[in-house]
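*Asks:* What follows is the file final.cif, containing mmCIF, C-alpha atoms:
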```
data_entry
loop_
_atom_site.label_atom_id
_atom_site.label_comp_id
_atom_site.auth_asym_id
_atom_site.auth_seq_id
_atom_site.Cartn_x
_atom_site.Cartn_y
_atom_site.Cartn_z
CA MET A 21 -27.44 -8.82 97.55
CA THR A 22 -29.08 -11.79 95.81
CA ILE A 23 -28.43 -15.49 96.30
CA MET A 24 -26.55 -15.64 92.98
CA ASP A 25 -24.01 -13.16 94.36
CA GLU A 26 -22.68 -16.10 96.38
CA ARG A 27 -21.57 -17.89 93.20
CA PRO A 28 -17.96 -16.51 92.95
CA GLN A 29 -17.25 -17.44 96.58
CA LEU A 30 -18.72 -20.91 96.10
CA LEU A 31 -16.81 -21.43 92.85
CA GLY A 32 -13.56 -20.40 94.54
CA LEU A 33 -14.20 -22.82 97.39
CA ALA A 34 -15.06 -25.74 95.10
CA TYR A 35 -12.11 -25.07 92.79
CA ARG A 36 -9.63 -25.12 95.67
CA LEU A 37 -11.17 -28.33 97.00
CA LEU A 38 -11.28 -30.17 93.67
CA GLY A 39 -8.50 -28.63 91.54
CA SER A 40 -10.85 -28.62 88.56
CA LEU A 41 -12.79 -25.61 87.35
CA ALA A 42 -15.18 -27.79 85.34
CA ASP A 43 -15.95 -29.97 88.38
CA ALA A 44 -16.27 -26.88 90.58
CA GLU A 45 -18.86 -25.38 88.24
CA ASP A 46 -20.84 -28.63 88.32
CA VAL A 47 -20.74 -28.70 92.12
CA VAL A 48 -21.90 -25.10 92.47
CA GLN A 49 -24.72 -25.76 90.01
CA GLU A 50 -25.77 -28.78 92.09
CA ALA A 51 -25.68 -26.71 95.31
CA PHE A 52 -27.98 -24.09 93.78
CA ALA A 53 -30.25 -26.86 92.45
CA ARG A 54 -30.62 -28.20 95.99
CA TRP A 55 -31.37 -24.69 97.26
CA TYR A 56 -34.14 -24.12 94.74
CA ALA A 57 -35.50 -27.64 95.28
CA MET A 58 -36.50 -26.63 98.81
CA THR A 59 -39.91 -25.16 99.44
CA PRO A 60 -40.08 -21.35 99.73
CA GLY A 61 -40.90 -21.73 103.41
CA ARG A 62 -37.83 -23.88 104.01
CA ARG A 63 -35.59 -21.40 102.16
CA GLU A 64 -36.98 -18.53 104.20
CA SER A 65 -36.14 -20.42 107.40
CA VAL A 66 -32.44 -20.59 106.51
CA GLU A 67 -30.72 -17.92 108.58
CA SER A 68 -27.70 -17.55 106.28
CA PRO A 69 -28.22 -18.77 102.69
CA GLY A 70 -24.54 -18.17 101.92
CA ALA A 71 -23.43 -20.38 104.80
CA TRP A 72 -25.96 -23.04 103.79
CA LEU A 73 -24.70 -23.07 100.21
CA SER A 74 -21.05 -23.19 101.38
CA THR A 75 -21.82 -26.17 103.61
CA VAL A 76 -23.61 -28.04 100.82
CA THR A 77 -20.83 -27.21 98.34
CA SER A 78 -18.16 -28.46 100.76
CA ARG A 79 -20.02 -31.70 101.44
CA ILE A 80 -20.50 -32.42 97.73
CA CYS A 81 -16.78 -31.78 97.18
CA LEU A 82 -15.85 -34.08 100.06
CA ASP A 83 -17.92 -36.86 98.49
CA LEU A 84 -16.31 -36.25 95.09
CA LEU A 85 -12.71 -36.19 96.32
CA GLY A 86 -12.62 -39.91 97.05
CA SER A 87 -13.80 -40.90 93.56
CA ALA A 88 -11.63 -38.19 91.99
CA ARG A 89 -8.52 -39.77 93.50
CA ALA A 90 -9.43 -43.13 91.97
CA ARG A 91 -10.02 -41.52 88.57
CA ARG A 92 -6.69 -39.71 88.71
CA GLU A 93 -4.86 -42.94 89.47
CA ARG A 94 -6.15 -44.22 86.10
CA TYR A 95 -5.28 -40.97 84.30
CA VAL A 96 -2.87 -41.22 81.36
CA GLY A 97 0.39 -39.56 82.41
CA GLU A 98 0.62 -36.95 85.15
CA TRP A 99 -2.53 -35.26 86.46
CA ILE A 100 -2.16 -31.52 87.05
CA PRO A 101 -4.89 -29.30 88.50
CA GLU A 102 -6.85 -27.40 85.87
CA PRO A 103 -5.14 -24.04 85.18
CA LEU A 104 -7.18 -21.02 86.19
CA PRO A 105 -7.51 -18.04 83.80
CA PRO A 106 -7.46 -14.49 85.23
CA ASP A 107 -10.55 -13.14 87.00
CA VAL A 108 -12.62 -16.33 86.68
CA LEU A 109 -13.32 -16.43 90.41
CA GLY A 110 -14.10 -12.73 90.62
CA GLY A 111 -12.98 -10.40 93.39
CA THR A 112 -12.75 -12.31 96.65
CA GLY A 113 -11.12 -9.87 99.00
CA GLU A 114 -10.99 -6.10 99.19
CA ASP A 115 -7.96 -5.97 101.47
CA PRO A 116 -4.72 -6.19 99.40
CA ALA A 117 -3.27 -8.57 102.01
CA ASP A 118 -6.28 -10.85 101.56
CA ARG A 119 -5.88 -10.60 97.79
CA VAL A 120 -2.27 -11.85 98.01
CA THR A 121 -3.28 -14.68 100.35
CA LEU A 122 -6.11 -15.76 98.08
CA ASP A 123 -3.87 -15.62 95.00
CA GLU A 124 -1.37 -17.87 96.79
CA SER A 125 -4.17 -20.30 97.66
CA VAL A 126 -4.98 -20.86 93.98
CA SER A 127 -1.36 -21.02 92.83
CA MET A 128 -0.44 -24.21 91.02
CA ALA A 129 2.21 -24.99 93.66
CA PHE A 130 -0.41 -24.78 96.41
CA LEU A 131 -2.96 -26.88 94.53
CA VAL A 132 -0.41 -29.59 93.74
CA VAL A 133 0.33 -29.98 97.46
CA LEU A 134 -3.40 -30.11 98.20
CA GLU A 135 -3.55 -33.11 95.85
CA SER A 136 -1.30 -35.05 98.25
CA MET A 137 -3.77 -34.63 101.13
CA THR A 138 -6.57 -36.95 102.14
CA PRO A 139 -10.06 -35.62 101.31
CA ALA A 140 -10.75 -34.79 104.97
CA GLU A 141 -7.39 -33.01 105.36
CA ARG A 142 -7.97 -30.98 102.23
CA VAL A 143 -11.47 -29.88 103.21
CA ALA A 144 -10.51 -29.06 106.81
CA PHE A 145 -7.43 -27.12 105.75
CA VAL A 146 -9.07 -25.11 102.96
CA LEU A 147 -12.14 -24.25 105.00
CA HIS A 148 -10.16 -23.21 108.08
CA ASP A 149 -6.88 -21.79 106.79
CA VAL A 150 -8.09 -20.22 103.53
CA PHE A 151 -11.73 -19.37 104.19
CA ARG A 152 -11.36 -18.89 107.96
CA TYR A 153 -14.18 -21.18 109.04
CA PRO A 154 -14.11 -21.98 112.78
CA PHE A 155 -13.35 -25.62 113.52
CA ALA A 156 -16.84 -26.12 114.93
CA ASP A 157 -18.29 -25.35 111.49
CA VAL A 158 -15.64 -27.45 109.75
CA ALA A 159 -16.54 -30.36 112.03
CA ALA A 160 -20.20 -30.18 111.01
CA ILE A 161 -19.18 -30.42 107.34
CA VAL A 162 -16.49 -33.10 107.63
CA GLY A 163 -18.35 -35.22 110.18
CA ARG A 164 -15.52 -35.18 112.75
CA THR A 165 -15.07 -33.48 116.10
CA PRO A 166 -13.58 -29.96 116.17
CA ALA A 167 -10.45 -31.41 117.79
CA ALA A 168 -10.11 -33.98 115.01
CA CYS A 169 -10.53 -31.25 112.39
CA ARG A 170 -7.83 -29.22 114.10
CA GLN A 171 -5.54 -32.24 113.78
CA LEU A 172 -6.47 -32.66 110.10
CA ALA A 173 -5.60 -29.04 109.35
CA SER A 174 -2.34 -29.36 111.28
CA SER A 175 -1.42 -32.46 109.29
CA ALA A 176 -2.22 -30.61 106.07
CA ARG A 177 0.06 -27.73 107.08
CA ARG A 178 2.93 -30.17 107.62
CA ARG A 179 2.42 -31.42 104.06
CA LEU A 180 2.85 -27.86 102.84
CA GLY A 181 6.25 -27.78 104.51
CA THR A 182 8.11 -24.81 105.88
CA ALA A 183 6.44 -21.56 105.01
CA ARG A 184 8.48 -19.35 102.73
CA THR A 185 8.08 -15.77 101.68
CA PRO A 186 7.11 -15.64 98.01
CA ALA A 187 9.02 -13.39 95.67
CA ALA A 188 7.39 -10.07 94.86
CA PRO A 189 4.96 -10.31 91.92
CA ALA A 190 7.09 -7.98 89.80
CA ARG A 191 10.15 -10.16 90.41
CA ARG A 192 8.25 -13.31 89.50
CA ALA A 193 6.97 -11.66 86.34
CA GLY A 194 10.50 -10.61 85.41
CA ILE A 195 11.86 -14.14 85.79
CA VAL A 196 9.01 -15.60 83.72
CA ARG A 197 9.61 -12.91 81.07
CA ASP A 198 13.32 -13.79 80.98
CA PHE A 199 12.38 -17.47 80.63
CA LYS A 200 10.11 -16.62 77.70
CA ALA A 201 12.88 -14.67 75.96
CA ALA A 202 15.44 -17.45 76.46
CA TRP A 203 12.94 -20.06 75.32
CA GLU A 204 12.09 -18.16 72.16
CA ALA A 205 15.80 -17.66 71.47
CA GLN A 206 16.43 -21.39 72.09
CA ASP A 207 19.21 -20.33 74.45
CA ILE A 208 19.92 -23.36 76.63
CA ASP A 209 22.54 -21.59 78.76
CA ALA A 210 20.18 -18.71 79.53
CA LEU A 211 17.43 -21.15 80.45
CA VAL A 212 19.74 -23.13 82.74
CA GLY A 213 20.66 -19.87 84.45
CA LEU A 214 17.02 -19.26 85.33
CA LEU A 215 16.34 -22.79 86.56
CA ASP A 216 17.06 -24.30 89.94
CA PRO A 217 19.54 -27.20 89.57
CA ASP A 218 16.84 -29.57 90.86
CA VAL A 219 14.00 -28.07 88.81
CA THR A 220 11.14 -30.38 87.84
CA THR A 221 8.84 -30.09 84.85
CA VAL A 222 5.52 -31.92 84.74
CA ALA A 223 3.36 -32.09 81.61
CA ASP A 224 -0.30 -33.06 81.44
CA GLY A 225 -1.62 -34.23 78.08
CA GLY A 226 -4.20 -36.61 79.47
CA GLY A 227 -3.47 -39.08 76.69
CA ARG A 228 -5.08 -36.67 74.22
CA VAL A 229 -1.99 -34.84 72.97
CA ASN A 230 1.74 -35.55 73.05
CA ALA A 231 3.29 -34.89 76.44
CA GLU A 232 5.96 -36.43 78.64
CA LEU A 233 4.34 -39.17 80.71
CA HIS A 234 6.74 -38.67 83.61
CA PRO A 235 8.29 -35.63 85.31
CA VAL A 236 11.62 -34.34 83.95
CA HIS A 237 14.27 -33.39 86.52
CA GLY A 238 17.41 -31.23 86.40
CA ALA A 239 18.15 -27.85 84.86
CA GLU A 240 19.97 -29.08 81.76
CA ARG A 241 17.41 -31.75 80.87
CA VAL A 242 14.53 -29.33 81.41
CA ALA A 243 16.21 -26.60 79.34
CA GLU A 244 16.98 -29.02 76.51
CA GLY A 245 13.39 -30.25 76.59
CA PHE A 246 11.99 -26.75 76.22
CA VAL A 247 14.35 -25.95 73.36
CA THR A 248 13.30 -29.15 71.60
CA VAL A 249 9.65 -28.18 71.98
CA ARG A 250 10.36 -24.74 70.57
CA ARG A 251 12.20 -26.09 67.55
CA LYS A 252 9.22 -28.27 66.69
CA ALA A 253 6.73 -25.44 67.12
CA LEU A 254 8.29 -22.25 65.77
CA ASP A 255 4.90 -21.15 64.44
CA LEU A 256 3.36 -21.05 67.92
CA ARG A 257 3.23 -17.77 69.81
CA ILE A 258 4.29 -17.58 73.46
CA VAL A 259 2.54 -14.88 75.48
CA GLU A 260 2.58 -13.80 79.11
CA ARG A 261 -0.59 -14.47 81.05
CA THR A 262 -1.67 -14.68 84.66
CA VAL A 263 -2.09 -18.36 85.52
CA ASN A 264 -3.65 -19.25 88.89
CA GLY A 265 -2.97 -15.76 90.15
CA GLN A 266 0.74 -15.92 89.23
CA PRO A 267 2.84 -14.89 86.22
CA GLY A 268 2.71 -17.64 83.61
CA LEU A 269 2.93 -18.33 79.90
CA VAL A 270 0.51 -19.52 77.24
CA MET A 271 1.33 -21.09 73.88
CA LEU A 272 -1.05 -20.16 71.06
CA ASP A 273 -1.71 -21.77 67.71
CA GLY A 274 -3.27 -18.80 65.98
CA ASP A 275 -5.76 -17.67 68.60
CA VAL A 276 -6.21 -21.12 70.16
CA THR A 277 -4.50 -21.95 73.46
CA VAL A 278 -2.62 -25.25 73.21
CA THR A 279 -0.47 -25.12 76.37
CA VAL A 280 -0.64 -23.25 79.67
CA LEU A 281 2.53 -23.02 81.77
CA ALA A 282 2.57 -22.32 85.50
CA PHE A 283 5.76 -21.72 87.50
CA ASP A 284 6.99 -21.97 91.07
CA ILE A 285 9.89 -19.66 91.87
CA THR A 286 12.11 -19.78 94.94
CA ASP A 287 15.20 -17.64 95.59
CA ASP A 288 15.04 -16.18 92.06
CA ARG A 289 15.15 -19.62 90.45
CA ILE A 290 12.38 -21.59 88.80
CA THR A 291 11.88 -24.77 90.83
CA HIS A 292 8.81 -26.23 89.10
CA VAL A 293 7.13 -25.85 85.74
CA TRP A 294 3.68 -27.32 85.10
CA ALA A 295 2.61 -27.58 81.46
CA VAL A 296 -1.05 -28.32 80.91
CA ARG A 297 -1.82 -29.53 77.37
CA ASN A 298 -4.97 -31.60 77.86
CA PRO A 299 -7.55 -29.78 75.67
CA GLU A 300 -10.34 -30.60 78.12
CA LYS A 301 -8.53 -28.59 80.79
CA LEU A 302 -7.93 -25.67 78.43
CA ARG A 303 -11.56 -24.95 77.54
CA PRO A 304 -11.68 -21.82 79.74
CA TRP A 305 -8.62 -20.61 77.78
CA ALA A 306 -10.21 -21.39 74.40
CA THR A 307 -8.88 -18.29 72.67
CA GLY A 308 -5.91 -16.10 73.44
#
```
In structure tokens, how does this file's structure come out?

*Replies:*
Amino acid sequence: MTIMDERPQLLGLAYRLLGSLADAEDVVQEAFARWYAMTPGRRESVESPGAWLSTVTSRICLDLLGSARARRERYVGEWIPEPLPPDVLGGTGEDPADRVTLDESVSMAFLVVLESMTPAERVAFVLHDVFRYPFADVAAIVGRTPAACRQLASSARRRLGTARTPAAPARRAGIVRDFKAAWEAQDIDALVGLLDPDVTTVADGGGRVNAELHPVHGAERVAEGFVTVRRKALDLRIVERTVNGQPGLVMLDGDVTVTVLAFDITDDRITHVWAVRNPEKLRPWATG
């Protein structure tokens, strides 16, 4: 195993902490730069290079989270975490149970809740609850006591709310497929039937493309909005894709991705739709 084999794990950690694949790649590059900036003797003295790199990556992310919040407050419209294409983070768990847990921890619903946390809460929670770091190690990274980090993680869990059992992947995929068919058919009634009455849609254009600047609430308004979009873009293809480890949809203009849609589904109803249209966030999806 070489030091570069640590990259997928580090990228997955940084992405969960920052909600941006582009920023995560920059952070991981900086962590490796710091590793190679050390003298050979210093590198050889590091007992666990992977742990060293994870610590450095986490600390860089913690520093960035404060400034990232300020930048996002100035963002045009709603800021949504950058959508993650399939297999970008590589295999991060051989056990199927771990695979499900890790997929949930990059779901758009999960990342959106992480955005509501303070930087320290987010780092403590992700390191402990997702990557299973002991609180003593989390404390060394965050600069708090283990007891304080335990409190941060507990506070973060409360933000996530009551745990719920996610629908089976096949069921989620079926609901998203039915949504796609109803959307393409411009069938408002069918769309309403798939949506929770209190469904919310959030679009992210970043001021670069047309997108609703505020969330849209309610099944009928959301359904009507999607039908309006479809009528204006009949030449665009809608295809099923895995988005952040979950069934999602992508809109293509030729072979170019122009919108990525992520869904949250509860009790066989779609409760949230996130539509990312900012071209800067779609670079990893460049072609269909």

*Asks:* When you count all atoms listed in the file, which of these residues is closest to Arg228 (chain A): A:Ala90, A:Leu109, A:Val278, A:Cys81?

*Replies:*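 The shortest atom-to-atom distance to Arg228 (chain A) comes from A:Val278.
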
*Asks:* Give me, as number ranges by chain, all polymer residues having an atom no more than 12 Å from Trp294 (chain A), counting only C-alpha atoms and skipping those fewer than 2 positions away in the same chain.

*Replies:* A: 98-103, 127-129, 131-132, 219-225, 231-232, 234-236, 242, 263-264, 268-270, 279-285, 290-292, 296-297

*Asks:* Using all atoms listed in the file, determine which residues lie at most 8 Å from Arg179 (chain A), disregarding the query and same-chain residues fewer than 5 positions distant; provide the list as a VMD selection string.

*Replies:* chain A and resid 133 136 to 137

*Asks:* Just the residues within 8 Å of Trp203 (chain A), please, counting only C-alpha atoms, with nothing from its chain fewer than 4 positions along; format it as a PyMOL selection string.

*Replies:* chain A and resi 199+207-208+211+246-247+250

*Asks:* Please list as a PyMOL selection string every residue within 10 Å of region 42-53 of chain A, counting only C-alpha atoms and excluding residues in the same chain fewer than 2 positions away.

*Replies:* chain A and resi 23-24+26-40+55-58+72-81+84+88+102+300-301+303-304

*Asks:* Interatomic distance between CA of Pro267 (chain A) and CA of Asp218 (chain A)?

*Replies:*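 CA of Pro267 (chain A) sits 20.8 Å away from CA of Asp218 (chain A).
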
*Asks:* So which residues get picked by the PyMOL selection byres ((chain A and resi 257) around 7) here, written as a list in words?

*Replies:*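 What the PyMOL selection byres ((chain A and resi 257) around 7) grabs from the file is Asp255, Leu256, Ile258, Val259, Met271, Leu272 and Asp273 of chain A.
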
*Asks:* In Å, with one decimal, what is the gap from CA of Ala176 (chain A) to CA of Ala144 (chain A)?

*Replies:*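 We find that CA of Ala176 (chain A) and CA of Ala144 (chain A) lie 8.5 Å from each other.
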
*Asks:* Can you measure CA of Gly181 (chain A) to CA of Arg142 (chain A) for me? One decimal in Å is fine.

*Replies:*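 Taking CA of Gly181 (chain A) as the start and CA of Arg142 (chain A) as the end point, the length is 14.8 Å.
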
*Asks:* Can you pull out the residues contacting Arg191 (chain A)? Cut-off 12 Å, using all atoms listed in the file, and skip same-chain residues under 6 positions away; I want them as a PyMOL selection string.

*Replies:* chain A and resi 197-198+266-267+285-290

*Asks:* Between A:Pro189, A:Glu260, A:Val249, A:His148, which has the minimum distance to Gln171 (chain A) (counting only C-alpha atoms)?

*Replies:*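 Residue with the minimum atom-to-atom distance to Gln171 (chain A): A:His148.
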